[in-house]
>>> print(open('final_38.cif').read())   # mmCIF, C-alpha atoms
data_run
#
loop_
_atom_site.label_atom_id
_atom_site.label_comp_id
_atom_site.auth_asym_id
_atom_site.auth_seq_id
_atom_site.Cartn_x
_atom_site.Cartn_y
_atom_site.Cartn_z
CA MET A 148 34.83 2.23 -21.77
CA ASN A 149 35.52 -0.48 -19.18
CA CYS A 150 33.34 -3.51 -18.38
CA ARG A 151 31.70 -1.93 -15.33
CA GLU A 152 30.62 1.12 -17.36
CA ALA A 153 29.48 -1.08 -20.24
CA GLN A 154 27.29 -3.19 -17.94
CA GLU A 155 25.76 -0.09 -16.34
CA ILE A 156 24.82 1.19 -19.80
CA ILE A 157 23.35 -2.19 -20.73
CA LEU A 158 21.19 -2.11 -17.59
CA ALA A 159 20.21 1.53 -18.16
CA SER A 160 19.18 0.73 -21.73
CA PHE A 161 16.21 -1.28 -20.40
CA ASP A 162 14.99 1.83 -18.57
CA GLY A 163 15.15 3.78 -21.82
CA ASP A 164 18.20 5.74 -20.65
CA ILE A 165 20.77 5.44 -23.40
CA LEU A 166 22.23 8.13 -25.62
CA GLN A 167 23.37 7.53 -29.19
CA GLY A 168 27.00 8.21 -28.25
CA GLU A 169 26.80 5.68 -25.40
CA ARG A 170 25.20 3.16 -27.75
CA ASN A 171 28.11 3.51 -30.20
CA ASP A 172 30.72 3.15 -27.46
CA LEU A 173 28.84 0.16 -26.05
CA ASP A 174 28.66 -1.57 -29.43
CA LYS A 175 32.39 -1.06 -29.85
CA HIS A 176 33.04 -2.53 -26.39
CA LEU A 177 30.70 -5.49 -26.91
CA SER A 178 32.36 -6.45 -30.17
CA ALA A 179 35.63 -6.87 -28.29
CA CYS A 180 34.45 -8.20 -24.90
CA ALA A 181 32.89 -11.66 -24.65
CA ALA A 182 31.97 -11.30 -20.96
CA CYS A 183 29.98 -8.11 -21.53
CA SER A 184 28.46 -9.55 -24.67
CA ASP A 185 27.22 -12.54 -22.61
CA PHE A 186 25.95 -10.12 -19.97
CA ALA A 187 24.01 -8.20 -22.62
CA THR A 188 22.52 -11.41 -24.02
CA SER A 189 21.44 -12.72 -20.62
CA GLN A 190 19.95 -9.34 -19.64
CA THR A 191 18.04 -9.08 -22.91
CA ARG A 192 16.67 -12.59 -22.39
CA LEU A 193 15.71 -11.71 -18.81
CA ASP A 194 13.98 -8.51 -19.94
CA LEU A 195 11.93 -10.43 -22.50
CA LEU A 196 10.99 -13.03 -19.90
CA LEU A 197 9.91 -10.37 -17.40
CA ARG A 198 7.88 -8.53 -20.05
CA GLU A 199 6.23 -11.81 -20.98
CA GLN A 200 5.50 -13.00 -17.46
CA ILE A 201 4.71 -9.90 -15.43
CA ILE A 202 1.35 -9.09 -16.91
CA ALA A 203 -0.90 -6.49 -15.36
CA PRO A 204 -3.87 -8.24 -13.75
CA LYS A 205 -7.33 -6.89 -14.48
CA LEU A 206 -9.50 -5.32 -11.84
CA SER A 207 -12.91 -6.93 -11.70
CA VAL A 208 -15.68 -4.89 -13.33
CA SER A 209 -17.50 -4.64 -10.02
CA PHE A 210 -14.56 -3.03 -8.22
CA LYS A 211 -15.72 0.57 -8.38
CA ALA A 212 -19.29 -0.37 -7.52
CA ALA A 213 -18.06 -2.36 -4.51
CA VAL A 214 -15.97 0.57 -3.27
CA ARG A 215 -18.84 3.01 -3.75
CA ALA A 216 -21.25 0.68 -1.93
CA THR A 217 -18.86 0.36 1.01
CA VAL A 218 -18.24 4.07 1.41
CA ALA A 219 -21.93 4.85 0.98
CA ALA A 220 -22.93 2.50 3.81
CA PRO A 221 -23.95 4.45 6.92
CA ARG A 222 -21.17 4.46 9.44
CA SER A 223 -21.97 3.12 12.89
CA ILE A 224 -21.87 5.93 15.39
CA MET A 225 -18.87 5.46 17.65
CA LEU A 226 -19.37 7.22 20.97
CA PRO A 227 -16.20 8.30 22.74
CA ALA A 228 -14.97 5.89 25.42
CA TRP A 229 -14.92 8.59 28.10
CA LEU A 230 -18.59 9.49 27.65
CA PRO A 231 -20.07 7.02 30.24
CA ASP A 232 -17.67 8.29 32.92
CA VAL A 233 -18.51 11.91 32.22
CA ALA A 234 -22.25 11.10 32.20
CA TYR A 235 -21.91 9.27 35.50
CA GLY A 236 -19.98 12.17 37.06
CA ALA A 237 -22.54 14.71 35.87
CA GLY A 238 -25.41 12.57 37.19
CA ALA A 239 -23.72 12.13 40.54
CA VAL A 240 -23.11 15.86 40.95
CA ALA A 241 -26.72 16.65 40.02
CA GLY A 242 -28.01 13.96 42.40
CA LEU A 243 -25.85 15.29 45.24
CA ALA A 244 -26.98 18.86 44.69
CA LEU A 245 -30.62 17.79 44.65
CA SER A 246 -30.20 15.66 47.78
CA ALA A 247 -28.48 18.53 49.62
CA VAL A 248 -31.42 20.79 48.87
CA LEU A 249 -34.29 18.33 49.41
CA LEU A 250 -33.19 16.02 52.22
CA PRO A 251 -33.83 17.16 55.82
CA PHE A 252 -30.18 16.64 56.88
CA ALA A 253 -27.19 18.93 57.23
CA VAL A 254 -25.68 19.75 53.81
CA PRO A 255 -22.08 18.69 54.69
CA THR A 256 -23.38 15.33 55.91
CA VAL A 257 -25.41 14.76 52.73
CA ILE A 258 -22.41 15.72 50.54
CA THR A 259 -19.96 13.53 52.51
CA ILE A 260 -22.22 10.47 52.50
CA GLY A 261 -23.42 11.10 48.91
CA THR A 262 -19.86 11.49 47.59
CA SER A 263 -18.75 8.30 49.36
CA VAL A 264 -21.66 6.35 47.90
CA ALA A 265 -21.07 7.82 44.41
CA ILE A 266 -17.35 6.92 44.49
CA ALA A 267 -18.07 3.41 45.77
CA ALA A 268 -20.73 2.90 43.07
CA TYR A 269 -18.35 4.23 40.39
CA LEU A 270 -15.58 1.85 41.47
CA LEU A 271 -18.01 -1.08 41.55
CA GLN A 272 -19.43 -0.36 38.08
CA THR A 273 -15.91 0.17 36.66
CA PHE A 274 -14.84 -3.18 38.07
CA LEU A 275 -17.93 -4.92 36.68
CA ARG A 276 -17.56 -3.24 33.26
CA THR A 277 -13.88 -4.22 32.97
CA ALA A 278 -14.63 -7.80 33.99
CA LEU A 279 -17.46 -7.97 31.44
CA GLN A 280 -15.26 -6.58 28.64
CA GLN A 281 -12.50 -9.06 29.44
CA SER A 282 -14.94 -11.97 29.37
CA ILE A 283 -16.24 -10.83 25.95
CA GLU A 284 -12.69 -10.48 24.51
CA MET B 220 -0.78 19.47 -12.62
CA ALA B 221 -3.23 16.57 -12.88
CA ASP B 222 -4.25 16.61 -9.22
CA GLU B 223 -5.06 20.30 -9.03
CA ASP B 224 -8.76 19.76 -9.66
CA VAL B 225 -8.89 17.15 -6.89
CA GLN B 226 -7.05 19.48 -4.51
CA ARG B 227 -9.48 22.29 -5.33
CA LEU B 228 -12.45 20.03 -4.58
CA LEU B 229 -10.88 18.99 -1.29
CA CYS B 230 -10.29 22.62 -0.32
CA ASP B 231 -13.99 23.27 -1.03
CA HIS B 232 -14.90 20.25 1.16
CA ARG B 233 -16.53 18.53 -1.81
CA TYR B 234 -15.25 15.14 -0.69
CA GLY B 235 -17.70 12.98 -2.63
CA LEU B 236 -16.70 14.44 -5.97
CA ALA B 237 -12.99 14.45 -5.08
CA PHE B 238 -13.20 10.81 -4.04
CA GLU B 239 -14.94 9.89 -7.27
CA LEU B 240 -12.18 11.56 -9.31
CA ILE B 241 -9.44 9.83 -7.32
CA LEU B 242 -11.17 6.46 -7.66
CA GLN B 243 -11.55 6.96 -11.39
CA ARG B 244 -7.98 8.14 -11.87
CA TYR B 245 -6.00 5.92 -9.53
CA GLN B 246 -7.89 2.65 -9.13
CA LYS B 247 -5.60 0.80 -11.52
CA LYS B 248 -2.36 2.14 -10.11
CA VAL B 249 -3.43 1.50 -6.52
CA PHE B 250 -4.36 -2.04 -7.53
CA HIS B 251 -0.98 -2.53 -9.22
CA LEU B 252 0.83 -1.19 -6.18
CA ALA B 253 -1.05 -3.61 -3.92
CA TYR B 254 -0.40 -6.42 -6.39
CA SER B 255 3.35 -5.69 -6.48
CA ILE B 256 3.39 -6.27 -2.72
CA LEU B 257 0.82 -9.04 -2.26
CA LYS B 258 1.51 -10.84 -5.55
CA GLU B 259 -1.97 -12.23 -5.96
CA SER B 260 -4.72 -10.39 -7.80
CA ALA B 261 -7.75 -11.37 -5.71
CA ASN B 262 -6.05 -10.33 -2.48
CA ALA B 263 -4.65 -7.19 -4.12
CA GLU B 264 -8.17 -6.25 -5.16
CA ASP B 265 -9.50 -6.74 -1.62
CA VAL B 266 -6.69 -4.58 -0.27
CA ALA B 267 -7.23 -1.96 -3.00
CA GLN B 268 -10.84 -1.76 -1.84
CA ASP B 269 -9.70 -1.34 1.78
CA ILE B 270 -7.32 1.40 0.63
CA PHE B 271 -10.11 3.41 -1.00
CA VAL B 272 -12.37 2.95 2.02
CA LYS B 273 -9.53 4.16 4.25
CA LEU B 274 -8.97 7.08 1.89
CA TRP B 275 -12.65 8.02 2.12
CA GLN B 276 -12.39 8.06 5.91
CA VAL B 277 -9.28 10.26 6.00
CA LEU B 278 -10.11 12.52 3.04
CA PRO B 279 -11.14 15.44 5.30
CA LEU B 280 -7.68 15.26 6.92
CA TYR B 281 -5.85 16.00 3.65
CA ASP B 282 -3.78 19.11 4.32
CA GLY B 283 -2.44 19.75 0.82
CA ARG B 284 1.22 19.49 1.85
CA ALA B 285 1.89 16.53 -0.45
CA ALA B 286 0.38 15.80 -3.84
CA VAL B 287 -2.83 13.78 -3.67
CA SER B 288 -1.16 10.94 -5.58
CA THR B 289 1.82 10.85 -3.18
CA TRP B 290 -0.56 10.78 -0.23
CA LEU B 291 -2.69 8.06 -1.78
CA TYR B 292 0.32 5.91 -2.70
CA ALA B 293 1.68 6.23 0.84
CA ILE B 294 -1.67 5.03 2.24
CA SER B 295 -1.73 2.25 -0.37
CA ARG B 296 1.77 0.99 0.30
CA ASN B 297 1.32 1.07 4.09
CA THR B 298 -2.01 -0.75 3.89
CA ALA B 299 -0.67 -3.43 1.55
CA LEU B 300 2.49 -3.94 3.62
CA SER B 301 0.38 -4.23 6.78
CA ALA B 302 -1.78 -6.83 5.06
CA LEU B 303 1.34 -8.70 3.99
CA ARG B 304 2.78 -8.57 7.50
CA ALA B 305 -0.53 -9.72 8.95
CA GLY B 306 0.12 -12.88 6.98
CA SER B 307 -3.39 -13.16 5.71
CA TYR B 308 -2.11 -13.13 2.15
CA ARG B 309 0.05 -15.74 0.57
CA LYS B 310 3.57 -14.65 -0.22
CA THR B 311 4.08 -16.10 -3.66
CA LEU B 312 5.18 -14.61 -6.92
CA PRO B 313 3.46 -12.09 -9.12
CA LEU B 314 3.34 -14.71 -11.85
CA GLU B 315 0.12 -16.40 -10.96
CA ASN B 316 0.13 -18.47 -14.09
CA CYS B 317 3.08 -18.89 -16.36
CA ASN B 318 2.16 -17.15 -19.57
CA SER B 319 3.78 -19.69 -21.84
CA PRO B 320 2.14 -22.08 -24.23
CA VAL B 321 2.10 -25.72 -23.19
CA THR B 322 3.86 -26.56 -26.41
CA ASP B 323 6.96 -24.55 -25.45
CA PRO B 324 8.67 -26.52 -22.67
CA GLU B 325 11.71 -24.23 -22.62
CA ALA B 326 9.55 -21.17 -21.98
CA GLY B 327 7.77 -23.08 -19.23
CA LEU B 328 11.11 -23.93 -17.65
CA ARG B 329 12.26 -20.29 -17.76
CA CYS B 330 8.98 -19.21 -16.22
CA ARG B 331 9.36 -21.73 -13.39
CA GLN B 332 12.93 -20.55 -12.86
CA LEU B 333 11.71 -16.98 -12.62
CA ARG B 334 9.06 -18.00 -10.08
CA GLU B 335 11.78 -19.56 -7.99
CA VAL B 336 14.26 -16.70 -8.12
CA LEU B 337 12.00 -13.64 -7.77
CA PRO B 338 11.40 -14.19 -4.03
CA LEU B 339 15.16 -14.19 -3.51
CA LEU B 340 15.16 -10.45 -4.20
CA SER B 341 14.59 -8.03 -1.34
CA GLN B 342 11.01 -6.81 -0.80
CA ILE B 343 11.72 -3.41 -2.37
CA GLU B 344 13.50 -4.95 -5.38
CA GLN B 345 10.50 -7.22 -5.98
CA GLU B 346 8.17 -4.23 -5.75
CA VAL B 347 10.26 -2.08 -8.08
CA ILE B 348 10.74 -4.70 -10.78
CA THR B 349 7.10 -5.79 -10.67
CA LEU B 350 5.79 -2.23 -10.84
CA PHE B 351 8.20 -1.36 -13.65
CA TYR B 352 6.77 -4.08 -15.88
CA LEU B 353 3.18 -3.54 -14.73
CA GLN B 354 3.46 0.15 -15.57
CA ASP B 355 4.67 -0.44 -19.13
CA CYS B 356 8.33 0.00 -18.21
CA SER B 357 7.89 3.55 -16.96
CA VAL B 358 10.48 4.55 -14.37
CA ASP B 359 8.56 7.81 -13.80
CA ASP B 360 5.45 5.91 -12.76
CA VAL B 361 7.42 3.78 -10.30
CA VAL B 362 9.09 6.93 -8.93
CA GLY B 363 5.67 8.47 -8.27
CA MET B 364 4.17 5.33 -6.79
CA LEU B 365 7.02 4.60 -4.41
CA ASP B 366 7.89 8.25 -3.72
CA MET B 367 11.57 7.57 -4.31
CA PRO B 368 14.16 9.49 -6.33
CA ALA B 369 14.59 8.20 -9.88
CA GLY B 370 18.20 7.28 -9.14
CA THR B 371 17.14 5.04 -6.26
CA VAL B 372 14.47 3.31 -8.36
CA LYS B 373 16.99 2.70 -11.16
CA SER B 374 19.58 1.38 -8.77
CA HIS B 375 17.02 -1.08 -7.29
CA LEU B 376 16.07 -2.08 -10.83
CA HIS B 377 19.66 -2.63 -11.91
CA ARG B 378 20.52 -4.58 -8.78
CA ALA B 379 17.42 -6.73 -9.24
CA ARG B 380 18.30 -7.46 -12.89
CA ARG B 381 21.86 -8.42 -11.99
CA LYS B 382 20.67 -10.71 -9.18
CA LEU B 383 17.96 -12.33 -11.30
CA ALA B 384 20.34 -13.09 -14.17
CA GLU B 385 22.85 -14.46 -11.67
CA TYR B 386 20.29 -16.66 -9.89
CA MET B 387 18.88 -17.97 -13.14
CA ARG B 388 22.32 -18.91 -14.37
CA SER B 389 23.14 -20.89 -11.21
#
>>> encode(input="final_38.cif", output="structure tokens")
Amino acid sequence: MNCREAQEIILASFDGDILQGERNDLDKHLSACAACSDFATSQTRLDLLLREQIIAPKLSVSFKAAVRATVAAPRSIMLPAWLPDVAYGAGAVAGLALSAVLLPFAVPTVITIGTSVAIAAYLLQTFLRTALQQSIE
Amino acid sequence: MADEDVQRLLCDHRYGLAFELILQRYQKKVFHLAYSILKESANAEDVAQDIFVKLWQVLPLYDGRAAVSTWLYAISRNTALSALRAGSYRKTLPLENCNSPVTDPEAGLRCRQLREVLPLLSQIEQEVITLFYLQDCSVDDVVGMLDMPAGTVKSHLHRARRKLAEYMRS
């Protein structure tokens, strides 16, 4: 067994991975090698220190109750962002159809003027909505 | 397999019961995982709470491809790392208070040394070594929590031990 192998076995021993045969070979090596013996001592000291200092913190007793309370709270209903645009489009189409039927003007004229007004109104409200959102953010 | 009952509940869309089982079974491990990353128990607890709330929201999306625990640990680690990156949590050591009696100055010194050298390890080495000791020195637990092969966990552990001993000597 060389020093590199001996040190690997020393390190593995802290993970619980050491066979009896390896232990015997290691002991033999350590009795003859001061450097590996020092390595084993410093690693054992480090392991003890880590065991002593890394202590599992305790969860507060209210943890589960707090989680349950949070997940039980009613979720706010998030409407999809595209919904206002779709609603506007549907309203505009319905308004145009109604105007074409009810108004005493030629249908193509009503549709042309109505579409122009609807598009202009849509652009204006989009601009205003964006400006309002930016001022809030 | 321990998660089979949870998986069955999820397949039956019984999310409330499945969530309750997961909370009961994994609250401590999720907390430890968050703590190994954030290194402060109060913040780790806040993040653990966020993790379970996030889990509740995505529970219907569970597709059964990975084990529930693997899925939960992935959510936990990502959430804790995001919190760490967001910088809202202090990046100190897992040793909030040195567990040494006032009457033992040498132990106090070693503890302070450890506090100084632990952050010199890479993020993953800090996580692995902290989790290993938090989980009663169980490599298997760390393997499950970090979803890494055992060989990789051991190699991080060994490298961390070598570095720590080296730093503490110098």
>>> residues_around(input="final_38.cif", residues="range 160-162 of chain A", least_positions_apart="6", cutoff="8 Å", atoms="only C-alpha atoms", output="ChimeraX atom specification")
/A:194 /B:356-358,373
>>> closest_atom_pairs(input="final_38.cif", of="chain A", to="chain B", cutoff="7 Å", atoms="all atoms listed in the file", output="tab-separated table")
residue	atom	partner	partner_atom	distance
A:Leu158	CA	B:His377	CA	5.9
A:Asp162	CA	B:Val358	CA	6.7
A:Ser189	CA	B:Ala384	CA	6.6
A:Gln190	CA	B:Ala384	CA	6.6
A:Leu193	CA	B:Ala384	CA	6.7
A:Arg198	CA	B:Tyr352	CA	6.2
A:Glu199	CA	B:Asn318	CA	6.9
A:Gln200	CA	B:Asn318	CA	5.7
A:Ile201	CA	B:Leu314	CA	6.2
A:Ile202	CA	B:Leu353	CA	6.2
A:Ala203	CA	B:Leu353	CA	5.1
A:Pro204	CA	B:Ser260	CA	6.4
A:Leu206	CA	B:Glu264	CA	6.9
A:Val214	CA	B:Gln268	CA	5.8
A:Val218	CA	B:Val272	CA	6.0
>>> closest_residue(input="final_38.cif", among="B:Ile256, B:Pro279, B:Pro368, B:Lys248", to="Asp231 in chain B", atoms="only C-alpha atoms")
B:Pro279
>>> resolve_selection(input="final_38.cif", expression="the PyMOL selection byres ((chain A and resi 174) around 12)", output="number ranges by chain")
A: 148, 153-154, 156-157, 167-173, 175-181, 183-184, 187
>>> atom_distance(input="final_38.cif", atom1="CA of His375 in chain B", atom2="CA of Ser389 in chain B")
21.1 Å
>>> atom_distance(input="final_38.cif", atom1="CA of Asp232 in chain A", atom2="CA of Phe274 in chain A")
12.9 Å
>>> closest_residue(input="final_38.cif", among="A:Ala268, A:Pro231, A:Leu275, A:Ala159", to="Thr191 in chain A", atoms="all atoms listed in the file")
A:Ala159
>>> atom_distance(input="final_38.cif", atom1="CA of Ser341 in chain B", atom2="CA of Arg244 in chain B")
29.7 Å
>>> residues_around(input="final_38.cif", residues="Gln272 in chain A", least_positions_apart="6", cutoff="12 Å", atoms="all atoms listed in the file", output="list in words")
Pro231, Asp232, Tyr235, Ala265, Ile266, Ala278 and Leu279 of chain A
